[in-house]
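Colleague: Here's a structure for you.
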Amino acid sequence: MKTPIEALRAFVENNRQEMLLFWESLVNMQAGSKEVDKINRIIDFLKKHFEAEGIDCRLVDSKGSAKVLVMELNKEAEGKPVLLAGHCDTVFPSGSYPDDPFHIKDGFAYGPGVVDMKNGIAQIFYIFVALKQFGFTERPVKAVIVGDEESSHQNGIADKILLQEAKGCLCCLNMESGRMDNCLTVGRKGGMDCHITVHGVAAHAGNDYLKGRNAIVEMSHKLPLLQNLTIYDEGLTVSVGVIKGGMVSNAVPDYCYAELDVRYKKLEHMEYIKDKIREVCAQTFIEGTTTEVEFVAPMPAFEETAANHRLLAYINSVATEYGYPAFAPIYVGGMSDASYVSSMGVPTVCSMGGQGSGAHTKNECASVESFFQRWLIAMACIMEIETYAQKYAN
């Protein structure tokens, strides 16, 4: 279903102030990833507004974290759904900013999550509003909004919900924060934290030195082996970032703790590196010590695939037809929920939201005009999705 560019631009002009106010409302509802009640307030706000537009909504229990909101349009239509994805949490807990922090200055909007990624959530809402208004019925369109992306879904099962909801989708536009270099993300490293604890035997360093089993020394034998698991040319890295141990210098320490950052480009490397780390931790260098290992919030790699590039080619065909410059592809080390969607075999492009900079800092800002431009491009891509389905999809 092709809609003239003039009609889409007229929608923006007719709803410009309302779209800005909706974006503002989301930014002003401050909520960090671990503030479940405050995140659920945002989720409920969104559900209320989607349902007011006649959009079917489901709340899915994330078991310990914020609820997951799933919206569906044309769910009885034939064909695989187009998927939109995003998150409504920020790295900033409530109170990090004064009340009502959203403001616009010199063409940029400011506030917590203004680009990462409250603008993407606002865009998703108005995509659904416009699809209804323009009478789009060709195939199902689904959106999934989670509330704990910034904490890598550590306390709930939003990751598993994403996997389930992504299954069988035609393609995914992840409305994460757009890059100022006009690149769209076609791949990201996966990653996880690895927490290692060594238990030893405490003893007086002067009187009972030989009775002690030094946990720090045991850890020191393991750390070079762990770091050496890196295969840099294949995008697999292991980095020791935190180490803690001991209490006083005159005691043999019975405890040492380390945190590692692990990143990988290939889906297969996630389980591979877990096994290798377990092998290192299973070795004992000082008799009487024991070692525990825990993998925290492992995220699969968002592999750069030919299918992702075909989806980008389609997006570029639409963007250039409507007078916008083509997007360049980029592969980045930072993670996003695009990894879960892509791991289900769904062609995915990330960073489709409005452009901005300073994410995760107090200087976070978003270009106001790009908020509308990226909305228009994403909207046009969905309206003309049958072109993609016939030409680009497997």
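The chains in the structure tokens are called A, B, ... from first to last as shown; in each chain the residues are counted from 1, and the ligands are counted from 1 in the order shown.
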As an MDAnalysis selection string, list the residues of range 88-149 of chain A assigned to alpha helix (DSSP H) by DSSP on the backbone atoms of this structure.

Modeller: chainID A and resid 119:133

Colleague: Skip range 158-160 of chain A itself and residues of its chain fewer than 6 positions away, then list as a PyMOL selection string all residues within 8 Å of it, counting only C-alpha atoms.

Modeller: chain A and resi 62+65+68+146+148+337+340

Colleague: Write out as a ChimeraX atom specification which residues come within 7 Å of Val349 in chain A when counting only C-alpha atoms, dropping same-chain ones fewer than 2 positions away.

Modeller: /A:172-174,184-186,308,312

Colleague: Enumerate, in order of chain and increasing residue number, the residues of range 159-244 of chain A with an atom no farther than 8 Å from range 119-139 of chain A, each with its shortest atom pair and distance in Å to one decimal, counting only C-alpha atoms, as a tab-separated table.

Modeller:
```
residue	atom	partner	partner_atom	distance
A:Met175	CA	A:Gly120	CA	4.9
A:Glu176	CA	A:Gly120	CA	6.1
A:Ser177	CA	A:Gly120	CA	6.9
```

Colleague: Pull N, CA and C atoms from the residues just selected and write them as a PDB file, in the first residue's frame.

Modeller:
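Produced file result-v3.pdb, reproduced below:
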```pdb
ATOM      1  N   MET A 175      13.527   0.416  17.177  1.00  0.00           N
ATOM      2  CA  MET A 175      13.470   1.879  17.194  1.00  0.00           C
ATOM      3  C   MET A 175      14.397   2.478  18.241  1.00  0.00           C
ATOM      4  N   GLU A 176      15.544   1.842  18.430  1.00  0.00           N
ATOM      5  CA  GLU A 176      16.569   2.365  19.331  1.00  0.00           C
ATOM      6  C   GLU A 176      17.070   3.720  18.837  1.00  0.00           C
ATOM      7  N   SER A 177      17.824   4.398  19.704  1.00  0.00           N
ATOM      8  CA  SER A 177      18.313   5.736  19.407  1.00  0.00           C
ATOM      9  C   SER A 177      19.115   5.776  18.111  1.00  0.00           C
TER      10      SER A 177
END
```

Colleague: Would you kindly return, as number ranges by chain, each protein, DNA or RNA residue with an atom no farther than 12 Å from any atom of Lys167 in chain A, considering only C-alpha atoms and excluding same-chain residues fewer than 2 positions away?

Modeller: A: 80-83, 142, 160-165, 169-172, 340-347

Colleague: Can you work out the spacing between CA of Gly187 in chain A and CA of Arg310 in chain A in Å, to one decimal?

Modeller: 13.0 Å
